[in-house]
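Undergrad: mmCIF, C-alpha atoms and all ligand atoms, saved as work-v2.cif, coming up:
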```
data_entry
loop_
_atom_site.label_atom_id
_atom_site.label_comp_id
_atom_site.auth_asym_id
_atom_site.auth_seq_id
_atom_site.Cartn_x
_atom_site.Cartn_y
_atom_site.Cartn_z
CA MET A 1 0.00 0.00 0.00
CA PRO A 2 2.16 2.93 -1.22
CA ASP A 3 1.81 6.45 0.12
CA LEU A 4 2.14 7.79 -3.41
CA VAL A 5 1.60 6.32 -6.88
CA THR A 6 2.73 8.14 -9.98
CA LEU A 7 2.96 7.34 -13.67
CA GLY A 8 4.83 8.83 -16.58
CA GLU A 9 7.81 8.68 -18.87
CA ALA A 10 11.40 8.16 -17.75
CA MET A 11 14.42 8.33 -20.01
CA LEU A 12 18.07 7.48 -20.06
CA VAL A 13 20.20 10.62 -19.62
CA VAL A 14 23.63 11.25 -21.09
CA ARG A 15 24.99 14.35 -19.41
CA GLY A 16 28.12 16.09 -20.68
CA GLY A 17 30.63 16.60 -17.91
CA VAL A 18 32.30 19.92 -18.70
CA PRO A 19 31.18 23.14 -20.44
CA GLY A 20 31.99 23.08 -24.14
CA ARG A 21 30.99 21.55 -27.47
CA PRO A 22 30.69 17.77 -27.20
CA VAL A 23 33.10 15.91 -29.45
CA PRO A 24 33.94 12.21 -29.68
CA GLY A 25 35.67 11.33 -26.46
CA SER A 26 34.02 14.08 -24.37
CA PRO A 27 33.39 12.96 -20.82
CA ALA A 28 29.78 12.27 -19.88
CA VAL A 29 27.82 10.60 -17.11
CA LEU A 30 24.82 8.31 -17.44
CA SER A 31 21.71 8.86 -15.39
CA PHE A 32 17.97 8.92 -15.90
CA ALA A 33 15.22 11.51 -15.74
CA GLY A 34 11.46 11.89 -15.63
CA ALA A 35 9.38 14.43 -13.75
CA GLU A 36 7.19 11.84 -12.03
CA ALA A 37 10.18 9.64 -11.25
CA THR A 38 11.81 12.62 -9.53
CA VAL A 39 8.71 13.16 -7.40
CA ALA A 40 8.67 9.46 -6.48
CA ILE A 41 12.34 9.57 -5.40
CA GLY A 42 11.73 12.83 -3.55
CA VAL A 43 8.97 11.43 -1.36
CA CYS A 44 11.03 8.27 -0.70
CA ARG A 45 13.98 10.40 0.47
CA LEU A 46 11.55 12.05 2.87
CA GLY A 47 10.61 8.69 4.35
CA HIS A 48 7.41 7.80 2.48
CA SER A 49 6.76 4.95 0.07
CA ALA A 50 6.21 5.46 -3.66
CA THR A 51 5.35 3.38 -6.72
CA TRP A 52 6.31 4.47 -10.24
CA LEU A 53 4.36 3.14 -13.24
CA GLY A 54 5.68 3.51 -16.76
CA ARG A 55 6.87 1.76 -19.90
CA LEU A 56 10.52 1.18 -20.74
CA GLY A 57 12.40 -0.81 -23.35
CA THR A 58 14.02 -4.14 -22.55
CA ASP A 59 17.32 -2.42 -23.32
CA THR A 60 20.22 -1.18 -21.21
CA GLY A 61 18.61 2.24 -20.81
CA GLY A 62 15.49 0.61 -19.37
CA ASP A 63 17.61 -1.45 -17.00
CA LEU A 64 19.41 1.68 -15.84
CA VAL A 65 16.14 3.49 -15.11
CA VAL A 66 14.70 0.52 -13.21
CA ASP A 67 17.91 -0.01 -11.25
CA GLY A 68 18.13 3.69 -10.44
CA LEU A 69 14.55 3.95 -9.22
CA ARG A 70 14.79 0.72 -7.26
CA GLY A 71 18.04 1.87 -5.69
CA ALA A 72 16.30 5.06 -4.59
CA GLY A 73 13.64 3.00 -2.83
CA VAL A 74 10.86 3.40 -5.40
CA ASP A 75 8.63 0.39 -6.06
CA VAL A 76 9.10 -0.59 -9.72
CA THR A 77 7.48 -4.01 -9.62
CA ALA A 78 4.65 -2.96 -11.96
CA VAL A 79 6.81 -1.26 -14.60
CA THR A 80 6.11 -2.53 -18.13
CA ARG A 81 9.06 -3.50 -20.35
CA ASP A 82 8.46 -3.26 -24.11
CA PRO A 83 10.57 -5.62 -26.22
CA ASP A 84 9.74 -3.75 -29.44
CA ARG A 85 10.61 -0.16 -28.56
CA ALA A 86 13.65 1.51 -27.08
CA THR A 87 13.81 3.54 -23.89
CA GLY A 88 13.86 7.28 -24.57
CA LEU A 89 17.08 9.24 -24.37
CA LEU A 90 17.91 12.76 -23.24
CA LEU A 91 21.28 14.24 -24.22
CA ARG A 92 22.14 17.23 -22.08
CA HIS A 93 25.28 19.28 -22.25
CA GLN A 94 26.55 22.51 -20.83
CA ARG A 95 27.40 24.39 -24.05
CA THR A 96 28.81 27.31 -22.10
CA ALA A 97 28.89 28.05 -18.39
CA ASP A 98 25.51 29.78 -18.80
CA ARG A 99 23.82 27.81 -21.59
CA VAL A 100 22.48 24.27 -21.34
CA VAL A 101 21.41 22.40 -24.49
CA VAL A 102 19.00 19.47 -24.22
CA ASP A 103 18.12 17.08 -27.08
CA TYR A 104 15.34 14.51 -26.68
CA TYR A 105 14.99 11.19 -28.47
CA ARG A 106 11.59 9.97 -27.36
CA ASP A 107 9.06 10.06 -30.25
CA GLY A 108 7.32 6.73 -30.69
CA LEU A 109 9.58 5.04 -28.13
CA ALA A 110 8.53 2.87 -25.22
CA GLY A 111 7.65 5.63 -22.75
CA SER A 112 5.18 7.31 -25.08
CA ARG A 113 3.31 4.00 -25.54
CA LEU A 114 2.14 3.92 -21.93
CA GLY A 115 -1.54 3.03 -21.92
CA PRO A 116 -4.42 2.34 -19.51
CA GLU A 117 -3.73 -1.41 -19.72
CA GLN A 118 -0.41 -0.85 -17.92
CA LEU A 119 -2.14 0.25 -14.72
CA PRO A 120 -2.26 -2.75 -12.39
CA ASP A 121 -5.48 -3.45 -10.53
CA GLY A 122 -5.53 -2.12 -7.00
CA THR A 123 -2.25 -0.18 -6.92
CA ILE A 124 -3.71 3.28 -7.44
CA GLU A 125 -6.76 2.45 -5.35
CA SER A 126 -4.59 1.51 -2.36
CA ALA A 127 -2.43 4.65 -2.41
CA ARG A 128 -2.98 7.84 -0.43
CA ILE A 129 -1.99 10.17 -3.28
CA LEU A 130 -1.95 9.76 -7.08
CA HIS A 131 0.43 12.24 -8.73
CA VAL A 132 0.27 12.93 -12.48
CA THR A 133 1.70 15.63 -14.72
CA GLY A 134 0.86 17.41 -17.94
CA ILE A 135 3.87 15.83 -19.66
CA THR A 136 2.31 12.38 -19.98
CA PRO A 137 -0.83 13.44 -21.93
CA ALA A 138 1.45 15.28 -24.39
CA LEU A 139 3.13 12.01 -25.36
CA GLY A 140 0.17 10.59 -27.28
CA ASP A 141 -3.42 9.38 -27.11
CA SER A 142 -2.72 6.18 -25.17
CA ALA A 143 -0.60 7.99 -22.58
CA ARG A 144 -3.33 10.60 -22.18
CA ALA A 145 -5.90 7.82 -21.75
CA ALA A 146 -3.68 6.27 -19.08
CA VAL A 147 -3.65 9.51 -17.10
CA HIS A 148 -7.44 9.83 -17.29
CA GLU A 149 -7.90 6.19 -16.31
CA ALA A 150 -5.54 6.64 -13.35
CA ILE A 151 -7.43 9.72 -12.17
CA GLY A 152 -10.77 7.99 -12.58
CA ARG A 153 -9.62 5.06 -10.46
CA ALA A 154 -8.18 7.36 -7.81
CA ARG A 155 -11.34 9.43 -7.62
CA ARG A 156 -13.59 6.39 -7.31
CA ALA A 157 -11.39 5.07 -4.48
CA GLY A 158 -11.20 8.40 -2.63
CA VAL A 159 -7.46 8.79 -3.31
CA THR A 160 -6.17 12.39 -3.40
CA VAL A 161 -5.29 13.42 -6.97
CA SER A 162 -2.28 15.73 -7.43
CA PHE A 163 -1.63 17.31 -10.84
CA ASP A 164 1.41 19.32 -11.88
CA VAL A 165 0.57 21.22 -15.08
CA ASN A 166 4.18 20.95 -16.34
CA TYR A 167 3.43 22.40 -19.79
CA ARG A 168 6.24 21.42 -22.19
CA SER A 169 6.32 23.65 -25.29
CA ARG A 170 8.56 21.18 -27.13
CA LEU A 171 5.84 18.57 -27.01
CA TRP A 172 2.75 20.55 -27.99
CA ALA A 173 1.46 24.00 -28.82
CA PRO A 174 -0.49 26.06 -26.27
CA ASP A 175 -3.77 25.87 -28.20
CA ARG A 176 -3.69 22.08 -28.18
CA ALA A 177 -2.32 21.69 -24.67
CA GLY A 178 -4.54 24.27 -22.95
CA PRO A 179 -7.88 22.43 -23.07
CA VAL A 180 -6.31 19.05 -22.23
CA LEU A 181 -4.43 20.44 -19.23
CA ARG A 182 -7.50 22.41 -18.10
CA GLU A 183 -9.61 19.26 -18.08
CA LEU A 184 -6.98 17.35 -16.08
CA ALA A 185 -6.62 20.18 -13.56
CA GLY A 186 -10.38 20.14 -13.14
CA ARG A 187 -10.25 16.49 -12.09
CA ALA A 188 -7.53 17.03 -9.47
CA ASP A 189 -7.78 17.85 -5.77
CA LEU A 190 -4.44 19.64 -5.73
CA VAL A 191 -2.86 21.46 -8.68
CA PHE A 192 0.68 22.83 -9.10
CA ALA A 193 1.45 25.46 -11.74
CA GLY A 194 3.83 28.22 -12.69
CA ALA A 195 2.28 31.60 -13.52
CA ASP A 196 2.48 31.02 -17.30
CA GLU A 197 0.90 27.61 -16.93
CA ALA A 198 -1.89 28.97 -14.74
CA GLU A 199 -2.57 31.67 -17.34
CA LEU A 200 -2.57 29.07 -20.12
CA ILE A 201 -5.19 26.86 -18.56
CA THR A 202 -7.40 29.46 -16.89
CA GLY A 203 -7.16 32.43 -19.28
CA ALA A 204 -6.82 34.64 -16.18
CA ARG A 205 -4.07 37.25 -15.83
CA ASP A 206 -4.19 37.81 -12.08
CA ASP A 207 -5.42 36.08 -8.95
CA LEU A 208 -4.15 32.89 -10.56
CA GLY A 209 -4.55 30.67 -7.51
CA SER A 210 -8.25 31.47 -7.27
CA ALA A 211 -8.62 31.02 -11.03
CA LEU A 212 -7.08 27.56 -10.77
CA ARG A 213 -9.39 26.67 -7.88
CA LYS A 214 -12.41 27.68 -9.95
CA LEU A 215 -11.51 24.84 -12.34
CA GLY A 216 -12.21 22.36 -9.53
CA PRO A 217 -9.23 21.60 -7.28
CA GLY A 218 -9.59 22.66 -3.65
CA GLU A 219 -5.94 23.62 -3.39
CA ALA A 220 -3.76 25.48 -5.93
CA VAL A 221 0.00 25.87 -5.50
CA LEU A 222 1.87 28.47 -7.55
CA LYS A 223 5.57 27.87 -8.18
CA ARG A 224 7.57 31.06 -8.73
CA GLY A 225 11.16 29.86 -9.09
CA ALA A 226 13.62 31.96 -7.11
CA ALA A 227 10.74 34.27 -6.17
CA GLY A 228 9.14 31.60 -3.96
CA ALA A 229 5.68 30.04 -4.00
CA ALA A 230 2.10 30.42 -2.80
CA VAL A 231 -0.80 28.15 -1.95
CA VAL A 232 -4.46 29.10 -2.22
CA THR A 233 -7.07 27.03 -0.38
CA ALA A 234 -10.71 27.67 0.47
CA ASP A 235 -9.59 29.22 3.77
CA ALA A 236 -6.49 31.24 2.97
CA THR A 237 -3.65 32.28 0.69
CA VAL A 238 -0.20 31.54 2.09
CA GLU A 239 3.02 32.74 0.47
CA THR A 240 6.63 31.82 1.03
CA ALA A 241 9.90 33.29 -0.19
CA ALA A 242 12.37 30.93 -1.81
CA VAL A 243 15.16 29.72 0.44
CA PRO A 244 18.21 31.71 -0.72
CA VAL A 245 20.79 29.39 -2.28
CA THR A 246 23.39 29.50 -5.03
CA GLN A 247 21.64 28.21 -8.13
CA VAL A 248 23.56 25.40 -9.83
CA ASP A 249 20.90 23.64 -11.90
CA PRO A 250 17.25 24.72 -11.65
CA VAL A 251 15.96 21.73 -13.63
CA GLY A 252 14.07 19.45 -11.30
CA ALA A 253 13.44 22.14 -8.68
CA GLY A 254 9.73 22.04 -9.50
CA ASP A 255 9.51 18.28 -9.01
CA ALA A 256 11.56 18.46 -5.80
CA PHE A 257 9.19 21.18 -4.59
CA VAL A 258 6.18 18.98 -5.41
CA ALA A 259 7.76 16.05 -3.55
CA GLY A 260 8.26 18.24 -0.48
CA TYR A 261 4.71 19.55 -0.67
CA LEU A 262 3.16 16.11 -1.05
CA SER A 263 5.31 14.84 1.82
CA GLY A 264 3.76 17.60 3.90
CA VAL A 265 0.29 16.49 2.82
CA LEU A 266 1.11 12.89 3.78
CA ASP A 267 2.35 14.10 7.18
CA GLY A 268 -0.82 16.15 7.75
CA LEU A 269 1.03 19.49 7.88
CA ALA A 270 -0.83 22.80 7.64
CA PRO A 271 -0.53 24.64 4.27
CA ALA A 272 2.16 27.08 5.48
CA GLN A 273 4.33 24.24 6.81
CA ARG A 274 4.00 22.10 3.72
CA LEU A 275 4.79 25.09 1.53
CA HIS A 276 7.92 25.75 3.55
CA ARG A 277 9.00 22.12 3.32
CA ALA A 278 8.40 22.30 -0.44
CA ALA A 279 10.51 25.46 -0.77
CA VAL A 280 13.40 23.84 1.12
CA CYS A 281 13.23 20.78 -1.15
CA GLY A 282 13.12 23.03 -4.24
CA ALA A 283 16.17 24.91 -2.99
CA PHE A 284 18.08 21.65 -2.50
CA ALA A 285 17.39 20.69 -6.11
CA ALA A 286 18.14 24.15 -7.54
CA SER A 287 21.52 24.26 -5.84
CA THR A 288 22.70 20.78 -6.85
CA ALA A 289 23.40 19.20 -10.25
CA GLY A 290 21.07 16.63 -11.78
CA ASP A 291 17.29 16.33 -11.88
CA TRP A 292 16.89 14.12 -8.82
CA GLU A 293 20.36 13.44 -7.43
CA GLY A 294 20.32 16.40 -5.03
CA LEU A 295 16.89 15.72 -3.51
CA ALA A 296 16.77 16.27 0.24
CA THR A 297 16.44 13.56 2.85
CA ARG A 298 14.23 14.13 5.86
CA ALA A 299 17.21 14.59 8.18
CA GLU A 300 18.62 17.24 5.84
CA LEU A 301 15.49 19.37 6.01
CA LEU A 302 17.01 21.04 9.05
CA SER A 303 20.10 22.29 7.40
CA PHE A 304 19.32 25.40 5.33
CA ASP A 305 17.77 28.23 7.24
CA GLY A 306 17.75 26.86 10.76
CA GLN A 307 13.99 26.18 10.70
CA ASP A 308 12.92 22.63 11.34
CA VAL A 309 10.63 21.56 8.49
CA ARG A 310 10.78 17.87 9.35
CA ARG A 311 7.45 17.96 11.15
P1 LIG B 401 11.19 22.71 -13.36
O1 LIG B 401 10.07 22.42 -14.32
O2 LIG B 401 12.44 23.24 -14.01
O3 LIG B 401 11.50 21.58 -12.42
P2 LIG B 401 9.29 24.59 -12.20
O4 LIG B 401 9.17 25.75 -13.14
O5 LIG B 401 8.22 23.58 -12.16
O6 LIG B 401 10.72 23.89 -12.40
P3 LIG B 401 10.20 26.42 -10.17
O7 LIG B 401 9.17 27.48 -9.95
O8 LIG B 401 11.39 26.76 -10.99
O9 LIG B 401 9.47 25.11 -10.71
O10 LIG B 401 10.76 25.91 -8.78
C1 LIG B 401 9.89 25.35 -7.81
C2 LIG B 401 10.25 25.88 -6.44
O11 LIG B 401 11.61 25.53 -6.13
C3 LIG B 401 10.15 27.40 -6.32
O12 LIG B 401 8.80 27.79 -6.02
C4 LIG B 401 11.13 27.67 -5.19
O13 LIG B 401 10.53 27.44 -3.93
C5 LIG B 401 12.21 26.60 -5.43
N1 LIG B 401 13.30 27.16 -6.26
C6 LIG B 401 13.42 27.13 -7.60
N2 LIG B 401 14.53 27.79 -8.01
C7 LIG B 401 15.12 28.24 -6.89
C8 LIG B 401 16.32 28.99 -6.62
N3 LIG B 401 17.12 29.42 -7.60
N4 LIG B 401 16.61 29.27 -5.34
C9 LIG B 401 15.83 28.84 -4.33
N5 LIG B 401 14.70 28.14 -4.52
C10 LIG B 401 14.35 27.84 -5.77
#
```
Now, as a test, write the supplied structure out as structure tokens.
Ligand code: ATP
TA:
Amino acid sequence: MPDLVTLGEAMLVVRGGVPGRPVPGSPAVLSFAGAEATVAIGVCRLGHSATWLGRLGTDTGGDLVVDGLRGAGVDVTAVTRDPDRATGLLLRHQRTADRVVVDYYRDGLAGSRLGPEQLPDGTIESARILHVTGITPALGDSARAAVHEAIGRARRAGVTVSFDVNYRSRLWAPDRAGPVLRELAGRADLVFAGADEAELITGARDDLGSALRKLGPGEAVLKRGAAGAAVVTADATVETAAVPVTQVDPVGAGDAFVAGYLSGVLDGLAPAQRLHRAAVCGAFAASTAGDWEGLATRAELLSFDGQDVRR
């Protein structure tokens, strides 16, 4: 019975080691990435249990993703392996000290073929939280159907549905994404969005938290990068500043933030406390390299600004 179930795409990552133009022989490290996988690892580091559902090839990349998730404590027993399609690949290099270039190789590969039939009976229904993102429905019709099926099962079973809008402009245009993401937000209990994403799906220009809540979710969390975050519930609006850190790699900060917030939900924290825990987790990710490698453990939640956000 996991605390959190999530589903999505995960890919093999090849990450260039030093700033410059990659050439044959350039140093690189192998890792893996996926927004939902990062959230799953994040909640595990904070002491909860998490299950990741997805589709990977039967190749070395797929093995690396499964091994990595399993090693981080995430339950991967229900992952589907596809013998006919490769695991997706993300090639990321630091072109200059200030410019990162990311190339994706994912179209038509195993991750995008996730479908409703890959959702095992009972897993979502037995969780406390289902977390989905707006990346998965952008991958194709079957992946979108899987997200809707997962939400339907969660709702019928009384499981809290968390949705991170995570609009990805490389995958689809705003006019196509907007209605799909709006519908998904409307089926969630808790929605996470940046300001641009909130504008995209609500059409509002201000009071974005309230506009998101009008779509259906009782709780809307606005991520504002280094400017902090806010949560709007039926009772109140709570804001937090970001925890000041030296930014190293902001990619993954949003997912780390979501993991911290959902950990706070699982622990029954009040909105202000869970927002603060989320901000600390986001700061950990922003000030370390890699999408998930720098995620905070529960013991480490003490270490930034002196405030104890473990409870
Ligand atoms: P991504 O999609 O790249 O993972 P996002 O756009 O979803 O990120 P952000 O708003 O960038 O999410 O970051 C989420 C939270 O992480 C912020 O609300 C903030 O609390 C924290 N955070 C992000 N960047 C920084 C930073 N440079 N310094 C401190 N905290 C940060």
Undergrad: Quick one: residues within 8 Å of Val76 (chain A), all atoms listed in the file, excluding same-chain residues fewer than 3 positions away - as a count of residues only?
TA: 7
Undergrad: How many Å lie between CA of Pro83 (chain A) and CA of Arg55 (chain A), rounded to one decimal?
TA: 10.4 Å
Undergrad: As a PyMOL selection string, please: the residues near region 185-193 of chain A (cut-off 8 Å, all atoms listed in the file, same-chain neighbours under 4 positions excluded).
TA: chain A and resi 151+160-166+181+197-198+212+215-223+258
Undergrad: Please, which residues in region 187-257 of chain A fall within 7 Å of region 277-287 of chain A when counting all atoms listed in the file, and what is the closest atom pair and distance in Å to one decimal for each, ordered by chain then residue number, as a tab-separated table?
TA:
```
residue	atom	partner	partner_atom	distance
A:Ala242	CA	A:Ala279	CA	5.9
A:Val243	CA	A:Ala283	CA	6.0
A:Val245	CA	A:Ser287	CA	6.3
A:Thr246	CA	A:Ser287	CA	5.6
A:Gln247	CA	A:Ser287	CA	4.6
A:Val248	CA	A:Ser287	CA	4.6
A:Asp249	CA	A:Ala286	CA	5.2
A:Pro250	CA	A:Ala286	CA	4.2
A:Val251	CA	A:Ala286	CA	6.9
A:Gly252	CA	A:Ala285	CA	6.3
A:Ala253	CA	A:Gly282	CA	4.5
A:Gly254	CA	A:Gly282	CA	6.3
A:Ala256	CA	A:Gly282	CA	5.1
A:Phe257	CA	A:Gly282	CA	4.4
```
Undergrad: Given only C-alpha atoms as the basis, pick out the residue of A:Glu117, A:Glu239, A:Asp207, A:Asp196 nearest to Ala143 (chain A).
TA: A:Glu117
Undergrad: Is it possible to produce a file of region 144-242 of chain A from this structure, with C-alpha atoms, as a short mmCIF file (atom, residue, chain, number, x, y, z; two decimals), in the first residue's frame?
TA:
```
data_model
loop_
_atom_site.label_atom_id
_atom_site.label_comp_id
_atom_site.auth_asym_id
_atom_site.auth_seq_id
_atom_site.Cartn_x
_atom_site.Cartn_y
_atom_site.Cartn_z
CA ARG A 144 -3.33 10.60 -22.18
CA ALA A 145 -5.90 7.82 -21.75
CA ALA A 146 -3.68 6.27 -19.08
CA VAL A 147 -3.65 9.51 -17.10
CA HIS A 148 -7.44 9.83 -17.29
CA GLU A 149 -7.90 6.19 -16.31
CA ALA A 150 -5.54 6.64 -13.35
CA ILE A 151 -7.43 9.72 -12.17
CA GLY A 152 -10.77 7.99 -12.58
CA ARG A 153 -9.62 5.06 -10.46
CA ALA A 154 -8.18 7.36 -7.81
CA ARG A 155 -11.34 9.43 -7.62
CA ARG A 156 -13.59 6.39 -7.31
CA ALA A 157 -11.39 5.07 -4.48
CA GLY A 158 -11.20 8.40 -2.63
CA VAL A 159 -7.46 8.79 -3.31
CA THR A 160 -6.17 12.39 -3.40
CA VAL A 161 -5.29 13.42 -6.97
CA SER A 162 -2.28 15.73 -7.43
CA PHE A 163 -1.63 17.31 -10.84
CA ASP A 164 1.41 19.32 -11.88
CA VAL A 165 0.57 21.22 -15.08
CA ASN A 166 4.18 20.95 -16.34
CA TYR A 167 3.43 22.40 -19.79
CA ARG A 168 6.24 21.42 -22.19
CA SER A 169 6.32 23.65 -25.29
CA ARG A 170 8.56 21.18 -27.13
CA LEU A 171 5.84 18.57 -27.01
CA TRP A 172 2.75 20.55 -27.99
CA ALA A 173 1.46 24.00 -28.82
CA PRO A 174 -0.49 26.06 -26.27
CA ASP A 175 -3.77 25.87 -28.20
CA ARG A 176 -3.69 22.08 -28.18
CA ALA A 177 -2.32 21.69 -24.67
CA GLY A 178 -4.54 24.27 -22.95
CA PRO A 179 -7.88 22.43 -23.07
CA VAL A 180 -6.31 19.05 -22.23
CA LEU A 181 -4.43 20.44 -19.23
CA ARG A 182 -7.50 22.41 -18.10
CA GLU A 183 -9.61 19.26 -18.08
CA LEU A 184 -6.98 17.35 -16.08
CA ALA A 185 -6.62 20.18 -13.56
CA GLY A 186 -10.38 20.14 -13.14
CA ARG A 187 -10.25 16.49 -12.09
CA ALA A 188 -7.53 17.03 -9.47
CA ASP A 189 -7.78 17.85 -5.77
CA LEU A 190 -4.44 19.64 -5.73
CA VAL A 191 -2.86 21.46 -8.68
CA PHE A 192 0.68 22.83 -9.10
CA ALA A 193 1.45 25.46 -11.74
CA GLY A 194 3.83 28.22 -12.69
CA ALA A 195 2.28 31.60 -13.52
CA ASP A 196 2.48 31.02 -17.30
CA GLU A 197 0.90 27.61 -16.93
CA ALA A 198 -1.89 28.97 -14.74
CA GLU A 199 -2.57 31.67 -17.34
CA LEU A 200 -2.57 29.07 -20.12
CA ILE A 201 -5.19 26.86 -18.56
CA THR A 202 -7.40 29.46 -16.89
CA GLY A 203 -7.16 32.43 -19.28
CA ALA A 204 -6.82 34.64 -16.18
CA ARG A 205 -4.07 37.25 -15.83
CA ASP A 206 -4.19 37.81 -12.08
CA ASP A 207 -5.42 36.08 -8.95
CA LEU A 208 -4.15 32.89 -10.56
CA GLY A 209 -4.55 30.67 -7.51
CA SER A 210 -8.25 31.47 -7.27
CA ALA A 211 -8.62 31.02 -11.03
CA LEU A 212 -7.08 27.56 -10.77
CA ARG A 213 -9.39 26.67 -7.88
CA LYS A 214 -12.41 27.68 -9.95
CA LEU A 215 -11.51 24.84 -12.34
CA GLY A 216 -12.21 22.36 -9.53
CA PRO A 217 -9.23 21.60 -7.28
CA GLY A 218 -9.59 22.66 -3.65
CA GLU A 219 -5.94 23.62 -3.39
CA ALA A 220 -3.76 25.48 -5.93
CA VAL A 221 0.00 25.87 -5.50
CA LEU A 222 1.87 28.47 -7.55
CA LYS A 223 5.57 27.87 -8.18
CA ARG A 224 7.57 31.06 -8.73
CA GLY A 225 11.16 29.86 -9.09
CA ALA A 226 13.62 31.96 -7.11
CA ALA A 227 10.74 34.27 -6.17
CA GLY A 228 9.14 31.60 -3.96
CA ALA A 229 5.68 30.04 -4.00
CA ALA A 230 2.10 30.42 -2.80
CA VAL A 231 -0.80 28.15 -1.95
CA VAL A 232 -4.46 29.10 -2.22
CA THR A 233 -7.07 27.03 -0.38
CA ALA A 234 -10.71 27.67 0.47
CA ASP A 235 -9.59 29.22 3.77
CA ALA A 236 -6.49 31.24 2.97
CA THR A 237 -3.65 32.28 0.69
CA VAL A 238 -0.20 31.54 2.09
CA GLU A 239 3.02 32.74 0.47
CA THR A 240 6.63 31.82 1.03
CA ALA A 241 9.90 33.29 -0.19
CA ALA A 242 12.37 30.93 -1.81
#
```
